[in-house]
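J.: I am sharing input-v6.txt, which consists of compact mmCIF, C-alpha atoms:
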```txt
# COMPACT_ATOMS: atom_id res chain seq x y z
CA MET M 23 -21.55 9.09 -76.60
CA LYS M 24 -18.99 8.10 -79.27
CA HIS M 25 -18.97 11.64 -80.65
CA LEU M 26 -17.27 12.78 -77.40
CA VAL M 27 -14.60 10.09 -76.86
CA GLU M 28 -10.87 10.87 -77.07
CA ILE M 29 -8.37 8.22 -78.19
CA LYS M 30 -4.87 8.03 -76.67
CA THR M 31 -2.11 8.37 -79.29
CA GLY M 32 0.89 8.77 -77.00
CA SER M 33 2.02 9.21 -73.39
CA THR M 34 5.01 10.84 -71.68
CA GLU M 35 5.83 10.60 -67.99
CA LEU M 36 6.19 14.17 -66.77
CA PHE M 37 7.31 13.47 -63.25
CA ARG M 38 7.50 10.76 -60.61
CA GLY M 39 7.70 12.08 -57.06
CA GLU M 40 7.31 10.38 -53.70
CA PHE M 41 3.57 10.83 -54.09
CA LEU M 42 2.69 12.62 -57.36
CA HIS M 43 3.02 10.72 -60.62
CA ALA M 44 2.18 12.89 -63.63
CA PHE M 45 1.77 12.26 -67.36
CA ARG M 46 1.10 14.15 -70.56
CA ASP M 47 -0.79 12.11 -73.15
CA THR M 48 -1.61 13.09 -76.69
CA VAL M 49 -5.14 12.27 -77.81
CA GLU M 50 -7.14 12.26 -81.00
CA LEU M 51 -10.37 14.21 -80.63
CA PRO M 52 -13.66 13.05 -82.17
CA ASN M 53 -13.28 15.79 -84.80
CA GLY M 54 -9.93 14.31 -85.89
CA ARG M 55 -7.74 17.00 -84.32
CA SER M 56 -5.16 16.25 -81.67
CA ALA M 57 -4.77 17.67 -78.18
CA SER M 58 -2.66 17.04 -75.07
CA ARG M 59 -3.94 16.02 -71.64
CA GLU M 60 -1.89 16.41 -68.45
CA TYR M 61 -2.95 14.46 -65.38
CA VAL M 62 -1.88 12.80 -62.17
CA ARG M 63 -2.10 9.02 -61.89
CA HIS M 64 -3.55 8.03 -58.51
CA PRO M 65 -3.96 4.52 -57.02
CA GLY M 66 -7.51 5.22 -55.82
CA ALA M 67 -8.79 5.83 -52.31
CA VAL M 68 -11.60 5.13 -49.89
CA MET M 69 -13.64 7.32 -47.55
CA ILE M 70 -15.28 5.88 -44.47
CA VAL M 71 -18.41 7.38 -42.85
CA PRO M 72 -18.41 5.80 -39.38
CA ILE M 73 -21.74 5.86 -37.55
CA VAL M 74 -22.12 5.38 -33.78
CA GLU M 75 -25.75 4.62 -32.89
CA ASN M 76 -27.10 6.20 -29.71
CA VAL M 77 -29.46 4.24 -27.43
CA ASP M 78 -32.27 6.50 -28.77
CA GLY M 79 -31.44 5.47 -32.37
CA GLY M 80 -29.78 8.80 -33.22
CA TRP M 81 -26.44 8.86 -35.06
CA GLN M 82 -23.05 10.24 -34.08
CA LEU M 83 -20.54 10.46 -36.93
CA VAL M 84 -16.84 9.90 -36.33
CA MET M 85 -14.95 12.74 -38.02
CA GLU M 86 -11.45 14.20 -38.15
CA ARG M 87 -9.69 17.52 -38.04
CA GLN M 88 -6.42 17.50 -39.94
CA PHE M 89 -4.12 20.21 -41.29
CA ARG M 90 -4.10 19.91 -45.08
CA TYR M 91 -0.99 21.64 -46.34
CA PRO M 92 -2.05 22.33 -49.98
CA VAL M 93 -5.06 24.35 -48.82
CA GLY M 94 -3.31 25.74 -45.71
CA GLN M 95 -6.21 24.94 -43.39
CA VAL M 96 -7.35 22.59 -40.69
CA VAL M 97 -9.97 20.57 -42.59
CA VAL M 98 -13.03 18.83 -41.12
CA GLU M 99 -13.43 15.54 -42.97
CA PHE M 100 -14.30 11.88 -42.81
CA PRO M 101 -11.48 9.32 -42.53
CA ALA M 102 -9.96 8.42 -45.90
CA GLY M 103 -6.83 7.01 -47.41
CA LYS M 104 -5.12 5.58 -50.47
CA VAL M 105 -5.57 1.97 -51.53
CA ASP M 106 -2.39 -0.13 -51.20
CA PRO M 107 -1.23 -2.14 -54.25
CA GLY M 108 -3.47 -5.20 -54.62
CA GLU M 109 -5.69 -4.19 -51.69
CA GLU M 110 -9.48 -4.59 -51.97
CA SER M 111 -11.54 -1.47 -51.40
CA LEU M 112 -13.34 -2.79 -48.30
CA ASP M 113 -10.08 -4.06 -46.78
CA CYS M 114 -8.62 -0.59 -47.30
CA ALA M 115 -11.66 0.97 -45.62
CA LYS M 116 -11.28 -1.35 -42.60
CA ARG M 117 -7.56 -0.60 -42.35
CA GLU M 118 -7.92 3.18 -42.68
CA LEU M 119 -10.77 3.31 -40.15
CA ARG M 120 -8.67 1.39 -37.63
CA GLU M 121 -5.43 3.31 -38.27
CA GLU M 122 -6.93 6.80 -38.25
CA THR M 123 -9.64 6.51 -35.59
CA GLY M 124 -8.98 3.24 -33.73
CA TYR M 125 -12.49 1.97 -34.55
CA PHE M 126 -13.52 -1.47 -35.80
CA ALA M 127 -16.93 -1.90 -37.48
CA THR M 128 -19.17 -4.98 -37.72
CA SER M 129 -21.30 -3.77 -40.62
CA TRP M 130 -20.34 -2.05 -43.88
CA GLY M 131 -22.41 -0.41 -46.63
CA PHE M 132 -21.08 0.65 -50.05
CA ALA M 133 -22.58 3.92 -51.30
CA GLY M 134 -20.72 4.36 -54.59
CA THR M 135 -17.68 5.97 -56.14
CA LEU M 136 -16.76 9.60 -56.69
CA HIS M 137 -14.15 11.27 -58.89
CA PRO M 138 -12.70 14.31 -57.08
CA VAL M 139 -11.08 15.94 -60.14
CA VAL M 140 -12.12 14.55 -63.51
CA SER M 141 -9.99 17.16 -65.31
CA TYR M 142 -6.51 16.24 -64.02
CA SER M 143 -6.46 13.12 -61.85
CA THR M 144 -7.38 9.47 -62.30
CA GLU M 145 -8.36 9.33 -58.60
CA ARG M 146 -11.56 7.57 -57.61
CA ILE M 147 -12.82 7.38 -54.02
CA ASP M 148 -15.05 4.53 -52.89
CA ILE M 149 -17.58 5.63 -50.26
CA TRP M 150 -18.09 3.18 -47.37
CA PHE M 151 -20.46 3.54 -44.43
CA ALA M 152 -19.52 1.70 -41.23
CA ARG M 153 -21.76 0.69 -38.31
CA GLY M 154 -21.42 -1.42 -35.18
CA LEU M 155 -18.29 0.38 -34.01
CA THR M 156 -15.99 -0.69 -31.18
CA LEU M 157 -12.97 1.35 -30.16
CA GLY M 158 -9.40 0.08 -30.27
CA GLU M 159 -6.23 2.13 -30.69
CA GLN M 160 -5.21 4.71 -33.33
CA ASP M 161 -2.18 3.75 -35.45
CA LEU M 162 -1.29 6.82 -37.52
CA ASP M 163 1.42 7.03 -40.16
CA GLU M 164 4.56 8.97 -39.28
CA GLY M 165 3.80 12.67 -39.70
CA GLU M 166 0.03 12.18 -39.70
CA LEU M 167 -1.57 14.25 -36.94
CA VAL M 168 -5.31 13.86 -36.65
CA ASP M 169 -7.96 14.96 -34.10
CA VAL M 170 -10.88 12.55 -33.95
CA PHE M 171 -14.30 13.81 -32.79
CA THR M 172 -18.01 13.09 -33.24
CA ALA M 173 -20.83 15.16 -34.72
CA THR M 174 -24.50 14.57 -35.47
CA PRO M 175 -25.79 14.51 -39.07
CA ALA M 176 -27.63 17.79 -38.32
CA GLN M 177 -24.37 19.45 -37.21
CA LEU M 178 -22.57 18.18 -40.30
CA LEU M 179 -25.28 19.51 -42.62
CA GLU M 180 -25.15 22.91 -40.92
CA TRP M 181 -21.35 22.98 -41.40
CA CYS M 182 -21.85 22.14 -45.10
CA ARG M 183 -24.32 24.99 -45.46
CA ASN M 184 -22.28 27.61 -43.58
CA GLY M 185 -18.89 26.90 -45.16
CA THR M 186 -17.20 25.13 -42.22
CA VAL M 187 -16.96 21.96 -44.34
CA THR M 188 -15.32 22.53 -47.75
CA ASP M 189 -13.77 19.10 -48.36
CA ALA M 190 -15.44 17.59 -51.44
CA LYS M 191 -15.67 13.96 -50.26
CA THR M 192 -17.12 15.05 -46.91
CA LEU M 193 -19.77 17.25 -48.60
CA ILE M 194 -20.73 14.22 -50.70
CA ALA M 195 -20.96 12.03 -47.59
CA ALA M 196 -23.41 14.65 -46.26
CA LEU M 197 -25.62 14.19 -49.34
CA TRP M 198 -25.76 10.45 -48.61
CA LEU M 199 -26.32 11.00 -44.87
CA GLN M 200 -29.16 13.44 -45.45
CA ASN M 201 -30.94 10.90 -47.65
CA LEU M 202 -30.19 7.92 -45.39
CA VAL M 203 -31.55 9.77 -42.34
CA ALA M 204 -34.65 10.81 -44.34
CA GLY M 205 -35.08 7.25 -45.63
CA THR M 206 -35.12 8.42 -49.28
CA TRP M 207 -31.92 6.44 -50.05
CA SER M 208 -30.80 3.15 -48.52
CA LEU M 209 -27.70 0.97 -48.34
CA GLU M 210 -27.22 -2.78 -48.35
CA TRP M 211 -25.31 -3.58 -45.15
CA LEU M 212 -22.69 -6.33 -45.19
CA GLY M 213 -21.84 -8.01 -41.88
CA GLY M 214 -18.30 -9.04 -40.99
CA MET Q 9 -6.01 24.08 -33.84
CA LYS Q 10 -2.36 25.17 -33.45
CA HIS Q 11 -1.34 21.65 -32.45
CA LEU Q 12 -2.14 20.51 -36.04
CA VAL Q 13 -0.55 23.28 -38.15
CA GLU Q 14 2.45 22.61 -40.41
CA ILE Q 15 4.99 25.35 -41.17
CA LYS Q 16 6.68 25.62 -44.58
CA THR Q 17 10.48 25.40 -44.38
CA GLY Q 18 11.27 25.06 -48.09
CA SER Q 19 9.81 24.62 -51.55
CA THR Q 20 11.01 23.03 -54.82
CA GLU Q 21 9.24 23.27 -58.15
CA LEU Q 22 8.83 19.70 -59.35
CA PHE Q 23 7.38 20.37 -62.73
CA ARG Q 24 5.73 23.05 -64.85
CA GLY Q 25 3.63 21.71 -67.70
CA GLU Q 26 1.11 23.39 -69.98
CA PHE Q 27 -1.48 22.83 -67.28
CA LEU Q 28 0.01 21.06 -64.24
CA HIS Q 29 2.33 22.99 -61.93
CA ALA Q 30 3.70 20.83 -59.13
CA PHE Q 31 5.79 21.49 -56.01
CA ARG Q 32 7.40 19.61 -53.17
CA ASP Q 33 7.58 21.61 -49.96
CA THR Q 34 9.30 20.65 -46.75
CA VAL Q 35 7.32 21.37 -43.59
CA GLU Q 36 7.87 21.36 -39.86
CA LEU Q 37 5.22 19.33 -38.08
CA PRO Q 38 3.70 20.42 -34.75
CA ASN Q 39 5.79 17.71 -33.02
CA GLY Q 40 9.00 19.30 -34.37
CA ARG Q 41 9.70 16.64 -37.00
CA SER Q 42 9.93 17.44 -40.69
CA ALA Q 43 8.00 15.98 -43.61
CA SER Q 44 7.56 16.66 -47.32
CA ARG Q 45 4.32 17.60 -49.10
CA GLU Q 46 3.85 17.23 -52.86
CA TYR Q 47 0.99 19.12 -54.47
CA VAL Q 48 -0.32 20.78 -57.60
CA ARG Q 49 -0.78 24.55 -57.63
CA HIS Q 50 -4.10 25.47 -59.25
CA PRO Q 51 -5.49 28.94 -60.06
CA GLY Q 52 -8.95 28.10 -58.68
CA ALA Q 53 -12.17 27.44 -60.52
CA VAL Q 54 -15.91 28.04 -60.53
CA MET Q 55 -18.92 25.76 -61.02
CA ILE Q 56 -22.21 27.12 -62.28
CA VAL Q 57 -25.59 25.51 -61.49
CA PRO Q 58 -27.89 27.07 -64.12
CA ILE Q 59 -31.61 26.88 -63.34
CA VAL Q 60 -34.35 27.30 -65.95
CA GLU Q 61 -37.71 27.94 -64.27
CA ASN Q 62 -40.75 26.27 -65.84
CA VAL Q 63 -44.07 28.12 -66.01
CA ASP Q 64 -45.29 25.80 -63.20
CA GLY Q 65 -42.35 26.90 -60.98
CA GLY Q 66 -40.44 23.64 -61.46
CA TRP Q 67 -36.71 23.70 -62.22
CA GLN Q 68 -34.72 22.41 -65.19
CA LEU Q 69 -30.96 22.30 -64.66
CA VAL Q 70 -28.55 22.97 -67.52
CA MET Q 71 -25.93 20.22 -67.49
CA GLU Q 72 -23.15 18.85 -69.67
CA ARG Q 73 -21.78 15.57 -70.94
CA GLN Q 74 -18.07 15.72 -71.61
CA PHE Q 75 -15.35 13.10 -72.10
CA ARG Q 76 -12.90 13.43 -69.23
CA TYR Q 77 -9.68 11.79 -70.30
CA PRO Q 78 -8.08 11.13 -66.86
CA VAL Q 79 -11.08 9.00 -65.80
CA GLY Q 80 -11.71 7.63 -69.32
CA GLN Q 81 -15.45 8.33 -69.20
CA VAL Q 82 -18.14 10.61 -70.49
CA VAL Q 83 -18.96 12.57 -67.32
CA VAL Q 84 -22.28 14.21 -66.42
CA GLU Q 85 -21.49 17.50 -64.73
CA PHE Q 86 -22.36 21.14 -64.24
CA PRO Q 87 -20.48 23.79 -66.26
CA ALA Q 88 -17.16 24.75 -64.68
CA GLY Q 89 -13.83 26.26 -65.55
CA LYS Q 90 -10.60 27.78 -64.31
CA VAL Q 91 -10.35 31.38 -63.18
CA ASP Q 92 -8.20 33.55 -65.48
CA PRO Q 93 -5.41 35.65 -63.89
CA GLY Q 94 -6.97 38.65 -62.12
CA GLU Q 95 -10.52 37.53 -62.90
CA GLU Q 96 -13.23 37.84 -60.24
CA SER Q 97 -15.07 34.64 -59.36
CA LEU Q 98 -18.49 35.89 -60.54
CA ASP Q 99 -17.04 37.24 -63.80
CA CYS Q 100 -15.49 33.82 -64.40
CA ALA Q 101 -18.85 32.14 -63.70
CA LYS Q 102 -20.60 34.43 -66.21
CA ARG Q 103 -17.91 33.79 -68.82
CA GLU Q 104 -17.86 30.01 -68.39
CA LEU Q 105 -21.66 29.77 -68.47
CA ARG Q 106 -21.76 31.72 -71.73
CA GLU Q 107 -18.82 29.91 -73.36
CA GLU Q 108 -19.86 26.37 -72.43
CA THR Q 109 -23.66 26.57 -72.69
CA GLY Q 110 -24.46 29.83 -74.50
CA TYR Q 111 -26.65 31.01 -71.59
CA PHE Q 112 -26.71 34.42 -69.94
CA ALA Q 113 -28.23 34.78 -66.43
CA THR Q 114 -29.85 37.79 -64.76
CA SER Q 115 -29.57 36.54 -61.19
CA TRP Q 116 -26.65 34.89 -59.35
CA GLY Q 117 -26.40 33.21 -55.93
CA PHE Q 118 -23.14 32.23 -54.21
CA ALA Q 119 -23.37 28.93 -52.32
CA GLY Q 120 -19.82 28.59 -51.03
CA THR Q 121 -16.45 27.08 -51.84
CA LEU Q 122 -15.29 23.49 -52.07
CA HIS Q 123 -11.84 21.92 -52.10
CA PRO Q 124 -11.81 18.91 -54.46
CA VAL Q 125 -8.54 17.37 -53.20
CA VAL Q 126 -7.19 18.74 -49.93
CA SER Q 127 -4.32 16.23 -49.98
CA TYR Q 128 -2.55 17.22 -53.21
CA SER Q 129 -4.00 20.32 -54.87
CA THR Q 130 -4.53 23.95 -53.89
CA GLU Q 131 -7.67 24.02 -56.06
CA ARG Q 132 -10.80 25.67 -54.72
CA ILE Q 133 -14.09 25.80 -56.63
CA ASP Q 134 -16.60 28.58 -56.01
CA ILE Q 135 -20.20 27.37 -56.39
CA TRP Q 136 -22.53 29.77 -58.20
CA PHE Q 137 -26.23 29.31 -58.92
CA ALA Q 138 -27.65 31.13 -61.94
CA ARG Q 139 -31.29 32.04 -62.71
CA GLY Q 140 -33.13 34.12 -65.28
CA LEU Q 141 -31.45 32.42 -68.23
CA THR Q 142 -31.56 33.53 -71.86
CA LEU Q 143 -29.87 31.56 -74.61
CA GLY Q 144 -27.12 32.93 -76.84
CA GLU Q 145 -24.37 30.96 -78.58
CA GLN Q 146 -21.82 28.46 -77.27
CA ASP Q 147 -18.18 29.53 -77.63
CA LEU Q 148 -16.07 26.51 -76.66
CA ASP Q 149 -12.29 26.40 -76.42
CA GLU Q 150 -10.40 24.54 -79.14
CA GLY Q 151 -10.61 20.83 -78.38
CA GLU Q 152 -13.49 21.20 -75.91
CA LEU Q 153 -16.44 19.06 -77.01
CA VAL Q 154 -19.47 19.35 -74.79
CA ASP Q 155 -23.10 18.15 -75.02
CA VAL Q 156 -25.50 20.48 -73.21
CA PHE Q 157 -28.81 19.10 -71.89
CA THR Q 158 -31.35 19.71 -69.13
CA ALA Q 159 -32.48 17.57 -66.20
CA THR Q 160 -34.79 18.05 -63.23
CA PRO Q 161 -33.44 18.12 -59.66
CA ALA Q 162 -35.22 14.78 -59.07
CA GLN Q 163 -33.42 13.20 -62.05
CA LEU Q 164 -30.08 14.56 -60.86
CA LEU Q 165 -30.61 13.18 -57.35
CA GLU Q 166 -31.51 9.75 -58.76
CA TRP Q 167 -28.30 9.82 -60.86
CA CYS Q 168 -26.31 10.69 -57.72
CA ARG Q 169 -27.86 7.75 -55.86
CA ASN Q 170 -27.45 5.17 -58.64
CA GLY Q 171 -23.87 6.01 -59.65
CA THR Q 172 -24.56 7.81 -62.95
CA VAL Q 173 -23.09 11.00 -61.47
CA THR Q 174 -19.61 10.51 -59.93
CA ASP Q 175 -18.14 13.99 -60.45
CA ALA Q 176 -17.46 15.49 -57.02
CA LYS Q 177 -18.49 19.10 -57.72
CA THR Q 178 -21.75 17.93 -59.33
CA LEU Q 179 -22.60 15.68 -56.35
CA ILE Q 180 -22.05 18.70 -54.10
CA ALA Q 181 -24.32 20.83 -56.29
CA ALA Q 182 -26.97 18.13 -55.74
CA LEU Q 183 -26.66 18.56 -51.95
CA TRP Q 184 -27.35 22.28 -52.38
CA LEU Q 185 -30.18 21.69 -54.86
CA GLN Q 186 -31.90 19.16 -52.61
CA ASN Q 187 -31.90 21.66 -49.76
CA LEU Q 188 -32.88 24.65 -51.91
CA VAL Q 189 -35.84 22.73 -53.37
CA ALA Q 190 -36.87 21.61 -49.86
CA GLY Q 191 -36.48 25.17 -48.55
CA THR Q 192 -34.10 24.05 -45.76
CA TRP Q 193 -31.23 26.11 -47.23
CA SER Q 194 -31.46 29.41 -49.10
CA LEU Q 195 -29.29 31.70 -51.20
CA GLU Q 196 -29.01 35.46 -51.47
CA TRP Q 197 -29.66 36.28 -55.14
CA LEU Q 198 -27.72 39.10 -56.78
CA GLY Q 199 -29.26 40.79 -59.83
CA GLY Q 200 -27.14 41.90 -62.78
```
Do you think you could lay out the structure here as structure tokens?
T.:
Amino acid sequence: MKHLVEIKTGSTELFRGEFLHAFRDTVELPNGRSASREYVRHPGAVMIVPIVENVDGGWQLVMERQFRYPVGQVVVEFPAGKVDPGEESLDCAKRELREETGYFATSWGFAGTLHPVVSYSTERIDIWFARGLTLGEQDLDEGELVDVFTATPAQLLEWCRNGTVTDAKTLIAALWLQNLVAGTWSLEWLGG
Amino acid sequence: MKHLVEIKTGSTELFRGEFLHAFRDTVELPNGRSASREYVRHPGAVMIVPIVENVDGGWQLVMERQFRYPVGQVVVEFPAGKVDPGEESLDCAKRELREETGYFATSWGFAGTLHPVVSYSTERIDIWFARGLTLGEQDLDEGELVDVFTATPAQLLEWCRNGTVTDAKTLIAALWLQNLVAGTWSLEWLGG
């Protein structure tokens, strides 16, 4: 792949906001030319797919409705949040699940990492599945208003098909869920 | 959903780069408090999932390997690109398919829209499937270096499972492909 790799030759901070932190780097292309690359530096995030098991073995997924200002819509999504400085991915997943939904989980499965926007953000989102849920109390950040509800995997997949779900991370969780339910993919579950 | 909606009360341009265009808006929350929201304004984009049909009816997908500087990796992904001012989504899909891969398609199917980052970008990506491909010539932008290759849906799904594919839009294309191949989801195909 060496014929594709770009080498950093310089970097300028474009802007540091309360949340957005943007840079413009200059790079040397494999063909020797130079180019500039503008992007947002992001601390990384986690998504949690919380599964409540029915007595019949069926699954209920814990989901959220939240107004997302940049897209001007109430968005159906799985719980997610930014990693704090020095925080481990699984610790972040446990914290975000508790804060946003009030749930604690006894069993966790790591499904992988996704990059939401490879063209202009460093963000990576670790995908965690959570089972063995018990309910405590929500503890939302100031200004974070979230409706928590449950849906079956079949409902979620129908919402992905018909355009109700447009959030990228949640669509990707649906790919994992479809294959976990079918038994074509599996996760290693960690207790604790 | 009215109890979740945020109302814009002000807007400041944070930064206008060659590519990134960022804002900080102030909003009134449903509980009457105010908050600020920082985000990138994006013109919107398309992804194309190009399908070559084998004589046996099997599918080969036209994919790309491209170095994506913000994530520092060669990324396996489907062709995609930003919508030009005033350009229709399907026209953009046709243009990007031709420029990036050299292919023309006779049949197009619209699968829906995804939002890659609902928390800090207005970006939406329209998902187009393309069939009836004939090969012309690549016409890449200056500084755009792309390897084009083909893979089967089964290979793509394995790469999604094992972490080879981390690009969000491409993982979402895999959800659609899995269901199209299985016949559980379908598309309306437009000729032209």
J.: Only residues of chain Q matter here; which ones have an atom within 6 Å of chain M, counting only C-alpha atoms? Give them as a VMD selection string.
T.: chain Q and resid 12 to 13 75 to 76 78 to 79 122 to 124 126 129 to 130 174 to 176 180 183
J.: Counting all atoms listed in the file, find residues at most 8 Å from (-9.5, 10.0, -46.7) (file frame) and give them as a ChimeraX atom specification.
T.: /M:67-70,99-104
J.: Let me have the centre and edge lengths in Å, one decimal, of the box along x, y and z around every listed atom of segment 210-214 of chain M with 5 Å of margin on each side, as AutoDock Vina command-line options.
T.:
```
--center_x -22.8 --center_y -5.9 --center_z -44.7 --size_x 18.9 --size_y 16.3 --size_z 17.4
```
J.: Go ahead and compute the interatomic distance for atom CA of Thr123 of chain M and atom CA of Thr17 of chain Q, in Å to one decimal.
T.: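 Pair atom CA of Thr123 of chain M / atom CA of Thr17 of chain Q returns 29.0 Å.
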J.: Need the neighbours of (-26.6, 31.9, -71.6): which residues are at most 8 Å away, counting only C-alpha atoms, as an mmCIF file with C-alpha atoms, in the coordinates of the input?
T.:
```cif
data_model
loop_
_atom_site.group_PDB
_atom_site.id
_atom_site.type_symbol
_atom_site.label_atom_id
_atom_site.label_comp_id
_atom_site.auth_asym_id
_atom_site.auth_seq_id
_atom_site.Cartn_x
_atom_site.Cartn_y
_atom_site.Cartn_z
ATOM 1 C CA LEU Q 105 -21.660 29.770 -68.470
ATOM 2 C CA ARG Q 106 -21.760 31.720 -71.730
ATOM 3 C CA THR Q 109 -23.660 26.570 -72.690
ATOM 4 C CA GLY Q 110 -24.460 29.830 -74.500
ATOM 5 C CA TYR Q 111 -26.650 31.010 -71.590
ATOM 6 C CA PHE Q 112 -26.710 34.420 -69.940
ATOM 7 C CA ALA Q 113 -28.230 34.780 -66.430
ATOM 8 C CA LEU Q 141 -31.450 32.420 -68.230
ATOM 9 C CA THR Q 142 -31.560 33.530 -71.860
ATOM 10 C CA LEU Q 143 -29.870 31.560 -74.610
ATOM 11 C CA GLY Q 144 -27.120 32.930 -76.840
ATOM 12 C CA GLU Q 145 -24.370 30.960 -78.580
#
```
J.: I'd like the interatomic distance between atom CA of Lys102 of chain Q and atom CA of Gln163 of chain Q, to a tenth of an Å.
T.: 25.1 Å
J.: Write out as a ChimeraX atom specification which residues come within 6 Å of Trp130 of chain M when counting all atoms listed in the file, dropping same-chain ones fewer than 3 positions away.
T.: /M:151-152,211-212
J.: Between atom CA of Ala162 of chain Q and atom CA of Gly140 of chain Q, what is the distance, to one decimal in Å?
T.: 20.4 Å
J.: Set the distance at 10 Å and use all atoms listed in the file: which residues neighbour Gly80 of chain M once local chain neighbours fewer than 6 positions away are removed? I'd like the list as number ranges by chain.
T.: M: 73-74, 174-175, 203
J.: Selected residues, C-alpha atoms, written as a PDB file, in the coordinates of the input, please.
T.:
```pdb
ATOM      1  CA  ILE M  73     -21.740   5.860 -37.550  1.00  0.00           C
ATOM      2  CA  VAL M  74     -22.120   5.380 -33.780  1.00  0.00           C
ATOM      3  CA  THR M 174     -24.500  14.570 -35.470  1.00  0.00           C
ATOM      4  CA  PRO M 175     -25.790  14.510 -39.070  1.00  0.00           C
ATOM      5  CA  VAL M 203     -31.550   9.770 -42.340  1.00  0.00           C
TER       6      VAL M 203
END
```
